[in-house]
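Below you'll find the structure, written out as structure tokens, and then a few comments.
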Amino acid sequence: MKTLLTAIPAILAGLLCSCGSMYGDLADESTGDVTGLWRSVDSMPTARAVPSLAELNGKVYAAGGIIGGKCTNAFETYDLRTGKWSVLKPNTAGATWMGKRKWAGCCAYNGRIYVAGGFGTLDESSDAYAVLSSLRIYDPATNTWSDGPELPAPGNLVSTAVLNGTIYAAISGRSSIYCFDGTSWS
């Protein structure tokens, strides 16, 4: 297994997952249970560093990350049942796309994937980077993205978790934790 210590770990579907590395040319992934039994799995189709991860209905979603020092909008899913990756190319006609971003918070909530904040571009045609406050919501049932309410403050290095029907977002360097109830942030 070539996955480096700089990979971003996450606990998804009861497994400790490590996905991507700080070196965009490596795309080895691994999963393991909490007893420390690791196994390599298929590599992501898009080699990149620090994708944001979430698990929904037996699939691990990998959103964004870094390729060659630049943010990417790569969006893929790993099916825990089949052991296969798929590249997701959502229908974006007249709709929002996740955007090129890294270090975003990512979680599953109410049957959708939520990608919050991070560092990236303000739109798909730009390479101008900024700290983001946007919330993008992917619906796997319709294969579409939509806009959610913006975080109360822009956030780089965002961590998200869902507990008792609420998304909690912690932003590096801020003393506040923001809460999303499905309608608005507080």
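Every chain in the structure tokens takes a letter, A first, then B, and so on in the order presented; its residues are numbered from 1, and the ligands are numbered from 1 following the presented order.
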
Segment 158-175 of chain A: which residues within 12 Å, counting only C-alpha atoms, same-chain residues fewer than 4 positions away excluded, as a VMD selection string?
-> chain A and resid 8 10 to 12 52 to 55 101 to 111 113 to 119 131 to 135 150 to 154 179 to 186

How many Å separate atom CA of Thr142 of chain A from atom CA of Met98 of chain A?
->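 One can read the atom CA of Thr142 of chain A to atom CA of Met98 of chain A distance as 14.9 Å.
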
Exercise: segment 56-64 of chain A partners within 7 Å, only C-alpha atoms, chain neighbours under 3 positions left out, as JSON, numbers by chain | {"A": [13, 51, 52, 53, 71, 72, 73, 74, 75, 76, 77, 78, 79, 80, 81, 100, 101, 102, 108]}

Generate a file of the selected residues that holds N, CA and C atoms, formatted as a PDB file, in the first residue's frame.
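File produced: part_24.pdb:
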```pdb
ATOM      1  N   ALA A  13     -19.024   4.230   7.095  1.00  0.00           N
ATOM      2  CA  ALA A  13     -19.699   2.921   7.097  1.00  0.00           C
ATOM      3  C   ALA A  13     -18.987   1.938   8.019  1.00  0.00           C
ATOM      4  N   PRO A  51      -9.082  14.722  -1.023  1.00  0.00           N
ATOM      5  CA  PRO A  51     -10.504  14.872  -1.345  1.00  0.00           C
ATOM      6  C   PRO A  51     -11.324  14.894  -0.062  1.00  0.00           C
ATOM      7  N   SER A  52     -12.489  15.513  -0.121  1.00  0.00           N
ATOM      8  CA  SER A  52     -13.423  15.500   1.001  1.00  0.00           C
ATOM      9  C   SER A  52     -14.291  14.254   0.855  1.00  0.00           C
ATOM     10  N   LEU A  53     -14.532  13.535   1.972  1.00  0.00           N
ATOM     11  CA  LEU A  53     -15.200  12.242   1.914  1.00  0.00           C
ATOM     12  C   LEU A  53     -16.492  12.213   2.716  1.00  0.00           C
ATOM     13  N   CYS A  71      -6.845  23.227  -7.346  1.00  0.00           N
ATOM     14  CA  CYS A  71      -8.100  22.606  -6.908  1.00  0.00           C
ATOM     15  C   CYS A  71      -8.769  21.904  -8.081  1.00  0.00           C
ATOM     16  N   THR A  72      -9.511  20.846  -7.763  1.00  0.00           N
ATOM     17  CA  THR A  72     -10.228  20.111  -8.799  1.00  0.00           C
ATOM     18  C   THR A  72     -11.707  19.981  -8.433  1.00  0.00           C
ATOM     19  N   ASN A  73     -12.526  19.759  -9.445  1.00  0.00           N
ATOM     20  CA  ASN A  73     -13.938  19.488  -9.215  1.00  0.00           C
ATOM     21  C   ASN A  73     -14.251  18.005  -9.404  1.00  0.00           C
ATOM     22  N   ALA A  74     -13.232  17.163  -9.379  1.00  0.00           N
ATOM     23  CA  ALA A  74     -13.450  15.723  -9.528  1.00  0.00           C
ATOM     24  C   ALA A  74     -14.446  15.240  -8.471  1.00  0.00           C
ATOM     25  N   PHE A  75     -15.351  14.383  -8.892  1.00  0.00           N
ATOM     26  CA  PHE A  75     -16.392  13.872  -8.001  1.00  0.00           C
ATOM     27  C   PHE A  75     -16.626  12.408  -8.360  1.00  0.00           C
ATOM     28  N   GLU A  76     -16.312  11.525  -7.417  1.00  0.00           N
ATOM     29  CA  GLU A  76     -16.375  10.095  -7.677  1.00  0.00           C
ATOM     30  C   GLU A  76     -16.980   9.368  -6.487  1.00  0.00           C
ATOM     31  N   THR A  77     -17.409   8.135  -6.734  1.00  0.00           N
ATOM     32  CA  THR A  77     -17.970   7.338  -5.655  1.00  0.00           C
ATOM     33  C   THR A  77     -17.383   5.932  -5.691  1.00  0.00           C
ATOM     34  N   TYR A  78     -17.156   5.399  -4.500  1.00  0.00           N
ATOM     35  CA  TYR A  78     -16.657   4.031  -4.346  1.00  0.00           C
ATOM     36  C   TYR A  78     -17.764   3.214  -3.708  1.00  0.00           C
ATOM     37  N   ASP A  79     -18.172   2.152  -4.393  1.00  0.00           N
ATOM     38  CA  ASP A  79     -19.240   1.287  -3.902  1.00  0.00           C
ATOM     39  C   ASP A  79     -18.627   0.231  -2.984  1.00  0.00           C
ATOM     40  N   LEU A  80     -18.966   0.278  -1.702  1.00  0.00           N
ATOM     41  CA  LEU A  80     -18.403  -0.647  -0.730  1.00  0.00           C
ATOM     42  C   LEU A  80     -18.838  -2.094  -0.984  1.00  0.00           C
ATOM     43  N   ARG A  81     -19.970  -2.292  -1.658  1.00  0.00           N
ATOM     44  CA  ARG A  81     -20.452  -3.652  -1.945  1.00  0.00           C
ATOM     45  C   ARG A  81     -19.709  -4.280  -3.123  1.00  0.00           C
ATOM     46  N   LYS A 100     -14.557  23.844  -8.096  1.00  0.00           N
ATOM     47  CA  LYS A 100     -13.207  23.357  -7.820  1.00  0.00           C
ATOM     48  C   LYS A 100     -12.881  23.757  -6.390  1.00  0.00           C
ATOM     49  N   ARG A 101     -12.651  22.774  -5.523  1.00  0.00           N
ATOM     50  CA  ARG A 101     -12.382  23.102  -4.127  1.00  0.00           C
ATOM     51  C   ARG A 101     -11.588  22.014  -3.433  1.00  0.00           C
ATOM     52  N   LYS A 102     -10.928  22.406  -2.366  1.00  0.00           N
ATOM     53  CA  LYS A 102     -10.206  21.489  -1.484  1.00  0.00           C
ATOM     54  C   LYS A 102     -10.496  21.905  -0.053  1.00  0.00           C
ATOM     55  N   ALA A 108     -22.952  13.285   4.658  1.00  0.00           N
ATOM     56  CA  ALA A 108     -24.244  12.823   4.154  1.00  0.00           C
ATOM     57  C   ALA A 108     -25.316  13.285   5.126  1.00  0.00           C
TER      58      ALA A 108
END
```

Calculate how many Å separate atom CA of Pro140 of chain A from atom CA of Leu88 of chain A, rounding to one decimal.
-> 9.5 Å

Would you list the contacts of Met44 of chain A as number ranges by chain, taking every protein, DNA or RNA residue within 7 Å and counting only C-alpha atoms, but skipping same-chain residues closer than 2 positions in sequence?
-> A: 27, 42, 46-47, 85

Go ahead and save the picked residues with C-alpha atoms, as a compact mmCIF listing (two decimals), in the first residue's frame.
```
# COMPACT_ATOMS: atom_id res chain seq x y z
CA ALA A 27 -4.31 7.50 -5.84
CA ASP A 42 -9.05 -0.01 -6.32
CA THR A 46 -8.76 10.74 -10.68
CA ALA A 47 -5.47 10.76 -8.77
CA TRP A 85 -15.14 3.39 -8.28
```

Separating atom CA of Asp139 of chain A from atom CA of Lys70 of chain A, to the nearest tenth of an Å, is a gap of 25.9 Å

Show which residues sit within 8 Å of Asp147 of chain A, as a list in words. Count only C-alpha atoms, and ignore same-chain residues fewer than 2 positions away.
-> Thr96, Ser134, Leu135, Arg136, Ile137, Trp145 and Pro149 of chain A
